[in-house]
Every structure is written in structure tokens, then in C-alpha cells.
Number of protein chains: 2
Amino acid sequence: MVQIDPRRLLADLRRLAGFGKVGSGVDRPAFTPADIAARRWLEQRMREAGLDASIDRYGNVYGRTPGARRAVLIGSHTDSVPKGGWLDGALGVVYGLEIARACIEQGCGAGIDVISFQEEEGRYSPLLGARSFCGLLDEQSLPSNLIEAIAASGFGGEPARLERARHFAYLEAHIEQGPKLEAARRRIGVVSGIVGIRRARVAAQGRADHAGTTPMSMRRDAGATLVRLAHAVLERFAGMAGADTVWNIGALELQPGAANVVPSAASMQVEFRDMDEARLEAMRAALHDLVVQAGRGQVTVELEETARIAPAPMDPELAGVIAEAARSIGEEPLALPSGAGHDAMVLSRVVPSAMLFIPSIGGRSHDVAEDTAEEDIVLGCRVLARAVEHLARGME
Amino acid sequence: MVQIDPRRLLADLRRLAGFGKVGSGVDRPAFTPADIAARRWLEQRMREAGLDASIDRYGNVYGRTPGARRAVLIGSHTDSVPKGGWLDGALGVVYGLEIARACIEQGCGAGIDVISFQEEEGRYSPLLGARSFCGLLDEQSLPSNLIEAIAASGFGGEPARLERARHFAYLEAHIEQGPKLEAARRRIGVVSGIVGIRRARVAAQGRADHAGTTPMSMRRDAGATLVRLAHAVLERFAGMAGADTVWNIGALELQPGAANVVPSAASMQVEFRDMDEARLEAMRAALHDLVVQAGRGQVTVELEETARIAPAPMDPELAGVIAEAARSIGEEPLALPSGAGHDAMVLSRVVPSAMLFIPSIGGRSHDVAEDTAEEDIVLGCRVLARAVEHLARGME
């Protein structure tokens, strides 16, 4: 049985958090000097672990187990949002490093490849590294500022690629970034899938009028129309939601925005997420109907879909292996969807993929306040190592 | 019967509009070079009309009929909002100039004093000139930027003052700044009073959360709370409104304002106006109740009253004189409240006051697009002159 080294695991996580350190978090967006330095350090650390390590031109840091014919791929990303948390994607990468290192030291015989994808967070183009690795990146249409960042990085290797004959499973560990594990008092989450996202901008156009002299009946009040519509959307969505459906009106503004002027224009951003594509489609249709109804008066109302990301179910069999690994250590896992996007969203399109979550203290993430108890960090790595061992038996 | 000179009236209005001219409007806020030049021109024009004219230290341009023991005061203001209309306050001032001029020329015997109050629009402190004239200005607590503007203006005269023994009526003509006359196909409005105004800022404080990973039940969504509250306010106010009550949610914003972040904070500005103080008070109480209800959940909601201006009823007898003057020329006037503030709001506290409205094309005002048909401009002056004649008979 592979034994991971908890002190080495935590020490590597702490060392990685030294790159771009801000308070208790990190500021390490893709292609910043801190990100580049962190990736060079990681490449070196993979070599010390006995992996064949390299960095490709997009910044993916990739370590392969030498001599293996088949391998489990373990990874995530080491870039962060501006002023983000120290664990986020770094956790899943260092789990992979520690498990591969322990396995090579202890001669467990399993092939383990480890990867830190570049630019998961979307400073230029989200999930860049994962898309390249999976052959899903259109290299001819990269934004020019990204091309410049790549050129300036000094990374130059040929793009690393998933090998279908070699890679039979992708495993990604991550902090939950939400409060569900903590609320349920569970320490291990097994992700059923990554939710689909729909996002729309709703804009109302009326007419500015003096709010003292214009009778209510003669107004074309874009603000009142949008407030009524926003209220109706909240009510309607609540009525059609499943247990894990979420929705948000994150932005709403009125123009010109003065107390004594009837708003001439108003807009809002509506977002909703669910694992069920049919429910997402029903919510989209409901939003559309409400917009059409709202636009039947003196104010024009328009809907523009600004994002549509399909749900990405995880592989049930692989998820079952993680759940079983947790139980074998005495931890009953919680099955839950991931409400946030991850590299596994891309990987799951080309290889069976699964994700393990550990708790986020207070549900915090994408903030320097993000943290997880050390015992939970260590436990998550033990569970993942156990799952890899199980898969390794199938490799032979 | 005093005969005003339509061509001279219109020519003076056009000349005044040359000061600070922008397109078809004017940009002439108080104490700007354009405003100062316009006031100097007006003082000269009053002298040419035979009035004793002067400018006081606040910029009030004041012309008195020499030798009169009692006088009707006619006025308004010649300062404008930034990029405002050419008529607005200028109309009432030039009406006064033309009526006094015609009266002096034609020996009608009535005492007519004319005034252009300074700073009605509130670049520094709204209704400044009218408050000074009525002895309602606290000269010890003027804002420092206003004190600097006064010093730089070169105006230095002792403050002009209302004389209770002399001034027995104040008449102010103004464009309607709304669509009611046009909609009712009337050319003369007689103002019943200037509405009271209440204004409040409502602020909700919740907690920012990841909109994908935080279950609906665990959010403290300041945005959703405020949207529900705003909707309830619109519904409640509609149920308690009189025919002329108006209300407006002119500003509403969410923080931080990103599609994928649950709003941590939200605020809105609510304004309502009515002639009836009791109704204003009932609306304030209703708003307060709704805010208290909204704050009973996971989000804190607070209400801050930011403006409270009492309704200013016009003198019914004087209003009747204007209405009768209109009818004597064959125009049936429309009685209506003024939804906007005017110098008459201050004057009515110390002297019987009345206002006459002429139509605003399309209801436009506080914009360079503001305009009124020339025939309506001339008609309004004729009606006001007839009313002054009627009052003059009472003076003798």
C-alpha cells in the first residue's frame, strides 16, 4: 500500500504558495513572473521525484512516469485568480506530485503522469492548457495578448498531448469552493459532474423623464420594468429549481442613475447552473418568456445569451473508485456536483474523469482567505492515492 | 389695457439665450462667466426699461419701479442647469421685464418690480437668491466653494430684500417641464402648488459568495433582497397614490456587480412627490415598513432619508386672478401641481405667490431640446400682463 508523506506534501504546498505570495494567499495569474517561476520550480520538483518532466509552449508542466505503458493522469492547475487562495488548483497538482513520488519510491508499479495545466482561470482564455492537451484548442485563433505572453514566457516545448492508449483515467482533486461539505460535516466529496452554465444579459430601453413632472401613466420607465422582470425571474426560477440548481442576478444597473430622473435604460446579468441540460433549457425558455412579456408595454426589453457551457458529467465508475477509497479509510464521502468550472470539464470530453473535493473553510475561495484544515488536505491525498492504487491493479 | 410687444419679448429671450449658448439651449450655471455676463446684460436692460436696477452680492438682478409705493413682484431665475434649455427660468424673468417696460411706457400706473434670482438650480446651494431675498438664508454657513464663487463674481451690492409693505404678490411664469398641458391641449396652466419631495436611500448588506458553489439556502444575497424590496415598493406606492402622486426608483446598483458573484451589497434611491403632506408621510411609513420586513432575513437593510421638502401651496386667490386673466383672453386654463421646484417655493413662505405655466414641447426640459411654440410664449406673457393689471387695480 502506497504511503504518502504528509509533511512533504504540506511542505511542497507551502513552497508553491511562496510564488506570488500575498498575505495568506497567492497572486499568480497565468504567465505572470510568479506563475512562470512556480512552473519552473514544479518541473524541477517532478524531476527530483523521478518523473520525465517538461514544460510545453503553453506552460503546461507535465511529468511522465518513465517506462510505463499505461498511466493514470493526475492534475489541476497552478495559475490563480488575482489575489486568490493558496490551495485552489495547486492542491490537485501537488497531490499528483506526492502520489507519483511515493509510488516511484515504494515501487508500487503503477504508471502515474502528473500535470499542471496552464491558464485554467482565464486571464486570457480559460482552460487554455487543458484544451491544448486534449487537442481541443484552435491554435490559429488565440488572442494577440496571449500570443505575446506565450512568447515572453520563454516556454517553448512542443504541446504535450493526451495519449489515448496510455491515459485511461484523469483524476483531479480540488477544494470544494463552497460550503456543502462543511455544512454536511463530511471531509471528502465525490463530484457527480460539473454543472452547465447559462448566462444572459437583459437590457430594457425606455425614455428619460423628469421624475417630478411626468405623470406615472406617461412614463417609459426602463428601471421599473426591469425591477418587475427581475422579481418575476427570481420567483419563476425558485419554482422550477432542483436541489442543486443555483441562479444569480449578479449585476443590475439603471441609467442615468439619478434620483429625480426616470431611468431611460436598465440592464441586468442573469446566470443559472445545473447538472441537468433539460432543466437549464427550461429555465432559458422561462427567462425568454418573461422578457417577451415585460417588453409588451412601453419599454423595449431584449435578451442576449452571453455564455452557454454544457454540463460535464464525471465518469460514474471512476467516481465510485474514489468513493470506495474514501470508505476504505473510514470516511463516508458526499456526492455533489461542482458548481464551479475545472480542467476536468475539458478532460472529461476525451478521457474518463473524476474529481475529489476536500472542504473549504467557510466555503471561501478565489480570495486570500481561502483555506482548508491540514488534516483534510492530508486525508484527501490519502484517499486519492488509494484510488490510484485500485486503478493500478486494473492496469496490470 | 397694457399691450406687451411680442417681437421685443421674443428678441430679449433670444438675446439672453446668446449667453452660454450651446446648440438650441444654454449652458449657464450660476456664477459661470456666461451667467455673470447675462446678469450684467439684464441689469442694463432693466435700466433701459426705466427700472431702478442693481445686482446684489449673491447675483440677484433686481429692478424696481421708481416712485411706486406698492408693487407686484415678477421673477424667476436666469441661471441654468449644465446644457439646459433656453426658456426655463429665463422666461419668467423676461416676462417681468416686458410687462414692467410696457407698463412704464404706457403709463399704466402699476408698481412692478422684476427679479432674476440667483442659483435656483443648485450648482452650489439651490434657491440661494430666493432664500436671501426672503431673509431665509443662513449667511454664516455657506459652502466655501460658493463663497469663493461670490467673491470672484465681482457682484458686491447689499442683499436685495423683499419688503412686506411694498410687495403684496409674487408671480412666476415658467415652462411646464412636463407633458400635461400638451396632453390636455391647453396653453395656460395655473399652478395649485409645488409638490413636496421625499427622497431616501435604501442599502442592503449581505455577503459575497461564489454563485456556482453556494447553495441558494446558504446565501445572504443583498441583490435579491433589494430587487424584492424594490418590487414591493412599486406595488405598494401604486396602491396608495392619488391622481398626481409620482414616485421613482432612479438608481439601483449591486456590488461587486459580476455575473458569477452573489451580490454582497445593493442600494437604491427612492423618491416620491405629492401636494398632500399626509400622503407623503403615509408613503414614507409604508417604505419604512417594507424595509423593516426585508431586513428580517439574512440580509441587513437600512433606510436613510436624504431629502424632505414640504409641499408649497400657491395662493388660491392669486391663482384665481391668473385663471380669470386667461379666460378673459379666451383661454381656459388647466389647474395642475408643479412636480418640479421653483423660486416660488421659497417666496410662497413670505408673500402670496402664484405661478403660470406654458406648454413644454414633448414635455422636455433641463435639456437643450427644451422648447415652446412662440405663440404660447407670447400668450403666456399676455395672460400674466392681464393678471398684473387686475392686481394693479387693487393696489390703487
# chains A, B, ... in the order shown; residues from 1 in each chain; ligands from 1
>>> interface_residues(of="chain A", to="chain B", cutoff="6 Å", atoms="only C-alpha atoms", output="list in words")
Gly178, Gly212, Thr213, Thr214, Arg228, His231, Gly250, Ala251, Leu252, Glu253, Leu254, Gly257, Ala258, Ala259, Val261, Val262, Pro263, Gln269, Gly339 and Ala340 of chain A
>>> residues_around(residues="B:Gly156", least_positions_apart="3", cutoff="10 Å", atoms="only C-alpha atoms", output="number ranges by chain")
B: 54-59, 150-151, 153, 159
>>> residues_around(residues="stretch 133-149 of chain B", least_positions_apart="2", cutoff="12 Å", atoms="only C-alpha atoms", output="ChimeraX atom specification")
/B:29-33,35-36,55-62,73,75,115-119,122-131,151-155,158-164,167,170,343-351
>>> atom_distance(atom1="atom CA of B:Gly20", atom2="atom CA of B:Asp367")
13.6 Å
>>> select_by_dssp(residues="stretch 148-387 of chain A", states="alpha helix (DSSP H)", output="PyMOL selection string")
chain A and resi 148-153+180-184+222-240+277-294+316-328+343-347+374-387
>>> residues_around(residues="B:Gly92", least_positions_apart="5", cutoff="12 Å", atoms="only C-alpha atoms", output="number ranges by chain")
B: 9, 13, 73-78, 86-87, 97-99, 114-117, 170-176, 342-344, 355-358, 377-378, 380-381, 384-385
>>> residues_around(residues="A:Leu379", least_positions_apart="5", cutoff="12 Å", atoms="only C-alpha atoms", output="PyMOL selection string")
chain A and resi 3-6+9-10+95+173+186-189+325-327+329-331+333+356-359+372-374+384-386
>>> atom_distance(atom1="atom CA of A:Leu91", atom2="atom CA of A:Pro352")
20.6 Å
>>> select_by_dssp(residues="stretch 20-160 of chain A", states="strand (DSSP E or B)", output="PyMOL selection string")
chain A and resi 21-22+25-26+52-56+61-64+71-77+84+112-117+157
>>> atom_distance(atom1="atom CA of B:Gly242", atom2="atom CA of B:Gln293")
24.9 Å
>>> closest_residue(among="B:Ile112, B:Val2, B:Val233, B:Ala90", to="B:Val72", atoms="only C-alpha atoms")
B:Ile112
>>> residues_around(residues="B:Ala165", least_positions_apart="6", cutoff="10 Å", atoms="only C-alpha atoms", output="PyMOL selection string")
chain B and resi 69-71
>>> write_last_selection(atoms="C-alpha atoms", output="mmCIF file, in the first residue's frame")
data_model
loop_
_atom_site.group_PDB
_atom_site.id
_atom_site.type_symbol
_atom_site.label_atom_id
_atom_site.label_comp_id
_atom_site.auth_asym_id
_atom_site.auth_seq_id
_atom_site.Cartn_x
_atom_site.Cartn_y
_atom_site.Cartn_z
ATOM 1 C CA ARG B 69 -45.297 102.615 -3.002
ATOM 2 C CA ARG B 70 -46.591 99.101 -3.607
ATOM 3 C CA ALA B 71 -45.588 96.619 -6.301
#
>>> decode(residues="stretch 250-278 of chain A", atoms="C-alpha atoms", output="PDB file, in the first residue's frame")
ATOM      1  CA  GLY A 250     -25.174  39.467 -10.129  1.00  0.00           C
ATOM      2  CA  ALA A 251     -25.401  42.857 -11.800  1.00  0.00           C
ATOM      3  CA  LEU A 252     -28.238  45.320 -12.279  1.00  0.00           C
ATOM      4  CA  GLU A 253     -27.954  48.975 -13.158  1.00  0.00           C
ATOM      5  CA  LEU A 254     -30.120  51.905 -14.142  1.00  0.00           C
ATOM      6  CA  GLN A 255     -29.249  54.795 -16.448  1.00  0.00           C
ATOM      7  CA  PRO A 256     -28.722  57.698 -15.962  1.00  0.00           C
ATOM      8  CA  GLY A 257     -28.997  56.746 -12.287  1.00  0.00           C
ATOM      9  CA  ALA A 258     -30.245  59.993 -10.702  1.00  0.00           C
ATOM     10  CA  ALA A 259     -32.934  60.150  -8.015  1.00  0.00           C
ATOM     11  CA  ASN A 260     -35.060  62.641  -9.973  1.00  0.00           C
ATOM     12  CA  VAL A 261     -34.766  61.162 -13.466  1.00  0.00           C
ATOM     13  CA  VAL A 262     -36.975  58.301 -14.708  1.00  0.00           C
ATOM     14  CA  PRO A 263     -34.489  55.625 -15.866  1.00  0.00           C
ATOM     15  CA  SER A 264     -34.080  55.600 -19.652  1.00  0.00           C
ATOM     16  CA  ALA A 265     -32.226  52.292 -19.687  1.00  0.00           C
ATOM     17  CA  ALA A 266     -31.655  49.371 -17.362  1.00  0.00           C
ATOM     18  CA  SER A 267     -29.765  46.113 -17.635  1.00  0.00           C
ATOM     19  CA  MET A 268     -29.002  43.019 -15.612  1.00  0.00           C
ATOM     20  CA  GLN A 269     -26.955  39.861 -15.810  1.00  0.00           C
ATOM     21  CA  VAL A 270     -28.727  36.605 -15.044  1.00  0.00           C
ATOM     22  CA  GLU A 271     -26.843  33.351 -14.541  1.00  0.00           C
ATOM     23  CA  PHE A 272     -28.048  29.844 -13.739  1.00  0.00           C
ATOM     24  CA  ARG A 273     -26.319  26.497 -13.306  1.00  0.00           C
ATOM     25  CA  ASP A 274     -27.442  22.897 -13.114  1.00  0.00           C
ATOM     26  CA  MET A 275     -26.262  19.371 -13.957  1.00  0.00           C
ATOM     27  CA  ASP A 276     -29.421  18.773 -15.990  1.00  0.00           C
ATOM     28  CA  GLU A 277     -29.317  20.197 -19.506  1.00  0.00           C
ATOM     29  CA  ALA A 278     -33.109  19.855 -19.818  1.00  0.00           C
TER      30      ALA A 278
END
